[in-house]
Every structure is written in C-alpha cells, then in structure tokens.
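Okay, model_31.csv is below, CSV, C-alpha atoms:
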```csv
chain,number,residue,atom,x,y,z
A,1,VAL,CA,56.3,145.8,51.4
A,2,GLN,CA,57.7,144.5,48.1
A,3,LEU,CA,60.3,141.7,47.7
A,4,GLN,CA,61.8,141.3,44.3
A,5,ALA,CA,64.4,138.5,44.0
A,6,SER,CA,66.3,137.7,40.9
A,7,GLY,CA,69.4,136.0,39.6
A,8,GLY,CA,68.5,132.3,39.9
A,9,GLY,CA,69.0,129.8,37.2
A,10,LEU,CA,70.4,126.4,36.2
A,11,VAL,CA,74.0,125.7,37.1
A,12,GLN,CA,76.2,122.7,37.3
A,13,ALA,CA,77.6,121.5,40.6
A,14,GLY,CA,80.6,123.5,41.6
A,15,GLY,CA,79.4,126.6,39.8
A,16,SER,CA,78.4,130.0,41.1
A,17,LEU,CA,75.5,132.3,41.1
A,18,THR,CA,74.7,135.7,42.5
A,19,LEU,CA,71.2,136.5,43.7
A,20,SER,CA,69.9,140.0,44.3
A,21,CYS,CA,66.8,141.2,46.0
A,22,THR,CA,65.3,144.6,46.5
A,23,ILE,CA,63.1,145.2,49.5
A,24,SER,CA,60.9,148.2,49.4
A,25,GLY,CA,58.5,149.6,52.0
A,26,ILE,CA,60.7,149.0,55.0
A,27,ARG,CA,63.4,151.0,56.8
A,28,PHE,CA,66.0,148.9,55.0
A,29,GLY,CA,69.0,150.6,56.5
A,30,ILE,CA,68.2,149.6,60.1
A,31,SER,CA,66.7,146.2,59.3
A,32,THR,CA,68.3,142.8,59.6
A,33,VAL,CA,67.7,141.1,56.2
A,34,GLY,CA,68.4,137.7,55.0
A,35,TRP,CA,68.1,135.0,52.4
A,36,TYR,CA,65.9,132.0,52.9
A,37,ARG,CA,65.3,128.9,50.7
A,38,ARG,CA,62.7,126.3,50.3
A,39,ALA,CA,63.7,123.0,48.8
A,40,PRO,CA,61.2,120.6,47.4
A,41,GLY,CA,59.4,118.7,50.2
A,42,ARG,CA,61.2,120.7,52.9
A,43,GLN,CA,60.4,123.7,55.1
A,44,ARG,CA,61.7,127.1,54.4
A,45,GLU,CA,65.1,127.7,56.1
A,46,LEU,CA,67.1,130.8,56.8
A,47,VAL,CA,70.5,130.4,55.1
A,48,ALA,CA,72.2,133.8,55.7
A,49,ARG,CA,71.5,137.1,57.4
A,50,VAL,CA,73.2,140.5,57.5
A,51,PHE,CA,72.6,143.0,60.3
A,52,ALA,CA,72.5,146.8,60.0
A,53,ASN,CA,76.1,146.9,61.3
A,54,LEU,CA,77.1,144.5,58.5
A,55,ASP,CA,77.7,141.5,60.8
A,56,THR,CA,76.7,138.2,59.2
A,57,ILE,CA,75.5,134.8,60.2
A,58,TYR,CA,75.3,131.7,58.0
A,59,GLY,CA,73.6,128.4,58.2
A,60,ASP,CA,76.0,125.5,58.7
A,61,SER,CA,75.1,124.0,55.3
A,62,VAL,CA,76.3,127.1,53.4
A,63,LYS,CA,79.1,128.4,55.6
A,64,GLY,CA,82.2,129.1,53.7
A,65,ARG,CA,80.5,128.9,50.3
A,66,PHE,CA,77.9,131.7,50.4
A,67,THR,CA,78.4,135.4,51.1
A,68,ILE,CA,75.6,137.8,51.9
A,69,SER,CA,76.0,141.6,51.5
A,70,ARG,CA,73.8,144.6,51.4
A,71,ASP,CA,73.5,148.0,49.6
A,72,ASN,CA,71.5,150.3,51.7
A,73,ALA,CA,71.5,153.0,49.1
A,74,ASN,CA,69.5,150.7,46.8
A,75,ASN,CA,67.6,148.7,49.4
A,76,THR,CA,69.2,145.6,48.0
A,77,VAL,CA,70.6,142.4,49.5
A,78,TYR,CA,72.9,140.0,47.6
A,79,LEU,CA,73.8,136.4,48.0
A,80,GLN,CA,77.0,135.2,46.3
A,81,MET,CA,76.8,131.4,46.0
A,82,ASN,CA,80.0,129.5,45.2
A,83,SER,CA,80.7,125.7,45.1
A,84,LEU,CA,77.1,125.0,44.6
A,85,LYS,CA,75.8,121.5,45.3
A,86,PRO,CA,72.7,119.7,44.1
A,87,GLU,CA,71.3,120.0,47.6
A,88,ASP,CA,71.3,123.8,47.2
A,89,THR,CA,68.5,123.4,44.7
A,90,ALA,CA,65.6,125.5,46.0
A,91,VAL,CA,63.5,128.6,45.6
A,92,TYR,CA,65.4,131.4,47.3
A,93,TYR,CA,63.6,134.3,49.0
A,94,CYS,CA,64.8,137.5,50.7
A,95,ASN,CA,63.0,139.0,53.7
A,96,GLN,CA,63.5,140.7,57.0
A,97,VAL,CA,64.8,138.6,59.9
A,98,PRO,CA,62.5,137.6,61.4
A,99,PRO,CA,59.9,138.1,58.7
A,100,PRO,CA,57.1,140.4,60.1
A,101,PHE,CA,54.5,139.0,57.7
A,102,ASN,CA,53.8,135.7,55.9
A,103,TYR,CA,54.6,137.3,52.6
A,104,TRP,CA,57.6,136.1,50.6
A,105,GLY,CA,57.2,137.4,47.0
A,106,GLN,CA,58.0,135.2,44.0
A,107,GLY,CA,61.5,134.2,45.0
A,108,THR,CA,64.0,133.0,42.5
A,109,LEU,CA,64.6,129.4,41.6
A,110,VAL,CA,68.1,127.9,41.8
A,111,THR,CA,68.7,124.5,40.2
A,112,VAL,CA,72.0,122.8,40.6
A,113,SER,CA,72.6,119.8,38.4
A,114,SER,CA,75.0,117.0,39.3
```
The structure in this file should be written as structure tokens.
Amino acid sequence: VQLQASGGGLVQAGGSLTLSCTISGIRFGISTVGWYRRAPGRQRELVARVFANLDTIYGDSVKGRFTISRDNANNTVYLQMNSLKPEDTAVYYCNQVPPPFNYWGQGTLVTVSS
C-alpha cells in the first residue's frame, strides 16, 4: 500500500486549501477512505470519510467547512478545506477507514496562521 498526500501549505485564517491523496495497492473503489490529522501534542483524529456509495461523515470540528470527495478512476481522495482556523494546523493523512495497518505515509502539513 502507498499513501501519497499533497496540497498542504501555509495559509491565513479564513483561507482555503485543497488536499489530495492517492492510495495504491488497495481495492480503492470499494473501500471507505478518509482524511485524518494529527496536531502537535494531540492524537491522530479522523476528520472526514467517504464511503464507496459516496456518503460522507465529518467530524464536528470540520462540519460545514470541509468537503471530502473521491475519484475512483485515479484512486484519489480530496479534502477541500474552507474557513480554515489556527486549530486546523496539523499533519493531514489519508487512509482507509478503519486503517488496516499502522502505516500512514508522509502526510501533508497544513499550517494556519492567525
């Protein structure tokens, strides 16, 4: 399995970013995939997931601001992040939900300045 996340960066509060992640080595089209994040000093948390039928679930902290989507033809999952807040600062990872292995790839760093 390979997890390649990209799109992170430095953005001011209120700004937007779009993350993308390609997951190879799995049956992507039938898998539930999601975005997780790990903020400094905190445990990794699941922020959004998208099912094979395109249903979505969001964590309370990002509901209404983030949108997850998927492109099965390219084994890619996206996270559109709007109205970013300093507390969204974290390394963001994609993975299956639940993750079958303790392997997360490099992730992509999102830093939101106030």
Query raised in the report: So what do you get for CA of Lys85 in chain A versus CA of Gly64 in chain A, distance-wise?
Result: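 Spanning CA of Lys85 in chain A to CA of Gly64 in chain A is a straight-line distance of 13.0 Å.
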Report task. Just give me the residues with any atom within 7 Å of (69.5, 126.2, 42.3), file coordinates, counting all atoms listed in the file, written as an NGL selection string. Result -> :A and (8-11 or 88-90 or 109-112)
Query raised in the report: Rounded to one decimal in Å, what is the spacing between CA of Tyr103 in chain A and CA of Glu87 in chain A?
Result: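 Atom-to-atom, CA of Tyr103 in chain A to CA of Glu87 in chain A, that is 24.6 Å.
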**Report entry** Test item: residues at most 10 Å from Arg37 in chain A, all atoms listed in the file, excluding those fewer than 6 positions along its chain, as a ChimeraX atom specification
**Finding:** /A:43-48,88-94,107-110
Query raised in the report: What lies within 8 Å of Tyr78 in chain A using only C-alpha atoms, ignoring chain neighbours under 5 positions off, as a VMD selection string?
Result: chain A and resid 18 to 21 67 to 70
**Report entry** Near-Thr22 in chain A list (12 Å; only C-alpha atoms; drop same-chain fewer than 5 positions) as a ChimeraX atom specification
**Finding:** /A:1-7,28,33-35,70-79,93-96,105,107
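The two atoms in question, CA of Pro40 in chain A and CA of Ile26 in chain A, are spaced 29.4 Å apart.
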